[in-house]
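Below you'll find the structure, written out as structure tokens, and then a few comments.
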Amino acid sequence: MMTYHAPLLRIAPLALAAALWSTSPAHALVNGTDTSSFSAVGAVGGATGVLIADNWVLTAAHVANGIGASTISFESLLGSSLIDGVYTFTSDAFPNNDIALLHLATAIDADTPILNDKVIKASQATSLGTLTIATAQNQSPNGVGTTTAITAKPSYTDSSSGTSYTVNWLITNGPAYVEGGDSGSALFKGAVSDSGGSLLLGVASASLTDAFGNPESAFVQVASYKSWIDSTMASSGQQARWLSSPVPEPSTVSLFAVAGLLALGHRGARALRRSAS
């Protein structure tokens with residue numbers, strides 16, 4: 001049995017059922033190190049986002065919801081910009097479709113990552129090899145660590161309530177893993193030294209615990225939301241960079257069952273009012 005914990009967010013605590021959730025103080029990316037690279041990865045309040053175009057940042061929906069009507073900027077190694085628009089894939093509560101786009105009032109020119117557009121199935125996850133987590137929280141100025149994937153889960157069913165959630169998670173189990181404050185952190189393919197041109201697989205959504213109490217990390221796969229990302233950004237004249245990357249063949253030793261992906265659902269969007277100066 002796998003359990004998941006509260007969103008990895010420090011912007012605004014969420015009131016959640018105690019039977020399903022636990023909260024913990026923010027810590028550094030476990031087994032991560034400080035880095036001055038990953039300039040497309042920046043801070044969003046007490047969490048993280050990934051710059052995927054000059055005026056667009058990808059993050060977790062619960063990070064975007066935590067912004068509310070506050071005046072918050074995206075702070076990166078290349079500069080900062082006020083967030084003037086928030087777009088979430090759905091208005092459903094966490095952890096359903098935990099992905100969002102933030103629009104920046106001022107462009108930030110950076111070498112952005114390439115987004116993976118092939119959904120990774122459970123049977124392919126263990127063959128991905130080394131992966132890299134990059135966060136803009138808890139370490140200075142950014143944090144980075146390597147991990148490996150163990151499975152992919154398009155849906156999650158809570159064993160106590162029977163409630164099913166659409167999550168589209170890619171799940172990793174170390175050596176580095178995310179904790180409080182790391183929501184929205186980037187997961188890249190390979191052992192990479194910077195975000196520019198690297199293949200972005202997902203953004204951090206939740207911390208998990210397996211049946212033995214071992215920590216795991218759940219990242220929302222960007223490939224599952226390609227159509228929504230493209231359509232949301234279309235009116236701005238900017239687009240994310242996508243790559244049809246080959247996925248590894250299923251391992252002959254370890255195969256995991258995977259449920260069919262649910263069709264992309266409705267999207268919610270709201271524009272933030274900029275404060276008068």
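Chain labels A, B, ... are given in the sequence in which chains occur in the structure tokens; within each chain residues are numbered consecutively from 1, and ligands are likewise numbered from 1 in the order shown.
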Wanna dump the range 107-218 of chain A-range 52-56 of chain A contacts at 6 Å for me, each residue with its shortest atom pair and the distance in Å to one decimal, counting only C-alpha atoms, ordered by chain and number, as CSV?
```
residue,atom,partner,partner_atom,distance
A:Ala107,CA,A:Asn55,CA,4.8
A:Ile108,CA,A:Asp54,CA,5.0
A:Asp109,CA,A:Asp54,CA,5.5
A:Thr112,CA,A:Ile52,CA,5.3
```
Contacts of Val50 in chain A within 9 Å, only C-alpha atoms, excl. fewer than 5 positions in-chain, as a PyMOL selection string: chain A and resi 40-43+56-59+112-113+184-186+195+203
Could the residues in this selection be written to a file with C-alpha atoms, as a PDB file, in the first residue's frame?
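Written out: again.pdb:
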```
ATOM      1  CA  ALA A  40      15.109  28.050 -15.725  1.00  0.00           C
ATOM      2  CA  VAL A  41      14.139  26.684 -12.309  1.00  0.00           C
ATOM      3  CA  GLY A  42      12.986  29.441  -9.976  1.00  0.00           C
ATOM      4  CA  ALA A  43      11.137  30.223  -6.771  1.00  0.00           C
ATOM      5  CA  TRP A  56       5.403  31.115 -18.901  1.00  0.00           C
ATOM      6  CA  VAL A  57       6.209  29.027 -15.849  1.00  0.00           C
ATOM      7  CA  LEU A  58       5.058  25.447 -15.251  1.00  0.00           C
ATOM      8  CA  THR A  59       4.367  24.329 -11.694  1.00  0.00           C
ATOM      9  CA  THR A 112      14.424  26.692 -21.455  1.00  0.00           C
ATOM     10  CA  PRO A 113      14.076  22.917 -21.159  1.00  0.00           C
ATOM     11  CA  GLY A 184       6.835  22.309  -8.566  1.00  0.00           C
ATOM     12  CA  SER A 185      10.453  21.135  -8.705  1.00  0.00           C
ATOM     13  CA  ALA A 186      11.654  19.817 -12.041  1.00  0.00           C
ATOM     14  CA  SER A 195      17.925  22.963 -17.275  1.00  0.00           C
ATOM     15  CA  VAL A 203       7.034  18.675 -11.870  1.00  0.00           C
TER      16      VAL A 203
END
```
Determine, using only C-alpha atoms, which residues of range 216-250 of chain A have any atom at most 12 Å from an atom of range 154-162 of chain A, and tabulate each with its shortest atom pair and distance in Å to one decimal place, rows ordered by chain and then rising number, as CSV.
```
residue,atom,partner,partner_atom,distance
A:Ala218,CA,A:Tyr156,CA,11.2
A:Phe219,CA,A:Pro154,CA,11.1
A:Val220,CA,A:Pro154,CA,9.3
A:Gln221,CA,A:Pro154,CA,9.3
A:Ala223,CA,A:Pro154,CA,11.7
A:Ser224,CA,A:Pro154,CA,9.0
A:Tyr225,CA,A:Pro154,CA,12.0
```
What's the 10 Å shell around range 71-86 of chain A, counting only C-alpha atoms, without same-chain residues fewer than 5 positions away, as a PDB file with C-alpha atoms, in the first residue's frame?
```pdb
ATOM      1  CA  SER A  36      24.204  27.765  -9.115  1.00  0.00           C
ATOM      2  CA  SER A  37      22.926  26.146 -12.314  1.00  0.00           C
ATOM      3  CA  PHE A  38      19.381  25.345 -13.504  1.00  0.00           C
ATOM      4  CA  SER A  39      18.565  28.967 -14.335  1.00  0.00           C
ATOM      5  CA  ALA A  40      15.109  28.050 -15.725  1.00  0.00           C
ATOM      6  CA  VAL A  41      14.139  26.684 -12.309  1.00  0.00           C
ATOM      7  CA  GLY A  42      12.986  29.441  -9.976  1.00  0.00           C
ATOM      8  CA  ALA A  43      11.137  30.223  -6.771  1.00  0.00           C
ATOM      9  CA  VAL A  44       7.377  30.794  -6.644  1.00  0.00           C
ATOM     10  CA  GLY A  45       6.681  32.017  -3.143  1.00  0.00           C
ATOM     11  CA  ALA A  47       7.699  26.596  -3.808  1.00  0.00           C
ATOM     12  CA  THR A  48       9.250  26.106  -7.270  1.00  0.00           C
ATOM     13  CA  GLY A  49       8.366  26.601 -10.939  1.00  0.00           C
ATOM     14  CA  VAL A  50      10.055  25.907 -14.262  1.00  0.00           C
ATOM     15  CA  LEU A  51      10.334  28.544 -16.975  1.00  0.00           C
ATOM     16  CA  ASN A  55       6.554  34.545 -20.085  1.00  0.00           C
ATOM     17  CA  TRP A  56       5.403  31.115 -18.901  1.00  0.00           C
ATOM     18  CA  VAL A  57       6.209  29.027 -15.849  1.00  0.00           C
ATOM     19  CA  ALA A  61      -1.617  23.310  -9.308  1.00  0.00           C
ATOM     20  CA  ALA A  64      -0.761  28.070  -8.122  1.00  0.00           C
ATOM     21  CA  ASN A  65      -3.789  27.808  -5.836  1.00  0.00           C
ATOM     22  CA  ALA A 100      -0.647  24.715 -13.615  1.00  0.00           C
ATOM     23  CA  LEU A 101       0.782  27.474 -15.782  1.00  0.00           C
ATOM     24  CA  LEU A 102       1.784  30.905 -14.501  1.00  0.00           C
ATOM     25  CA  HIS A 103       2.003  33.906 -16.822  1.00  0.00           C
ATOM     26  CA  LEU A 104       4.738  36.461 -16.160  1.00  0.00           C
ATOM     27  CA  ALA A 105       4.190  40.189 -16.600  1.00  0.00           C
ATOM     28  CA  THR A 106       7.765  40.653 -17.827  1.00  0.00           C
ATOM     29  CA  ALA A 107       9.636  38.218 -20.034  1.00  0.00           C
ATOM     30  CA  ILE A 108      12.695  36.380 -18.729  1.00  0.00           C
ATOM     31  CA  ASP A 109      15.111  35.333 -21.454  1.00  0.00           C
ATOM     32  CA  ALA A 110      16.487  31.903 -20.610  1.00  0.00           C
ATOM     33  CA  ALA A 136      14.650  26.488  -6.168  1.00  0.00           C
ATOM     34  CA  PRO A 141      20.654  29.259  -4.718  1.00  0.00           C
ATOM     35  CA  ASN A 142      19.129  26.058  -6.144  1.00  0.00           C
ATOM     36  CA  GLY A 268      -9.851  26.439 -15.050  1.00  0.00           C
ATOM     37  CA  ALA A 269      -8.194  29.786 -15.484  1.00  0.00           C
ATOM     38  CA  ARG A 270      -8.124  32.952 -13.581  1.00  0.00           C
ATOM     39  CA  ALA A 271      -6.269  36.196 -14.095  1.00  0.00           C
ATOM     40  CA  LEU A 272      -4.677  37.902 -11.117  1.00  0.00           C
ATOM     41  CA  ARG A 273      -5.161  41.599 -10.654  1.00  0.00           C
ATOM     42  CA  ARG A 274      -1.859  43.413 -10.465  1.00  0.00           C
ATOM     43  CA  SER A 275      -1.558  45.605  -7.427  1.00  0.00           C
TER      44      SER A 275
END
```
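Take CA of Ile133 in chain A and CA of Ile114 in chain A: the distance between them is 15.1 Å.
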Taken to one decimal, the CA of Val119 in chain A-CA of Gln238 in chain A distance is 22.9 Å
Determine which residues of range 88-227 of chain A DSSP labels as helix (DSSP H, G or I) from the backbone of this structure, then write them out as a list in words.
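These are the residues in question: Ala122, Ser123, Gln124, Ala125, Val222, Ala223, Ser224, Tyr225, Lys226 and Ser227 of chain A.
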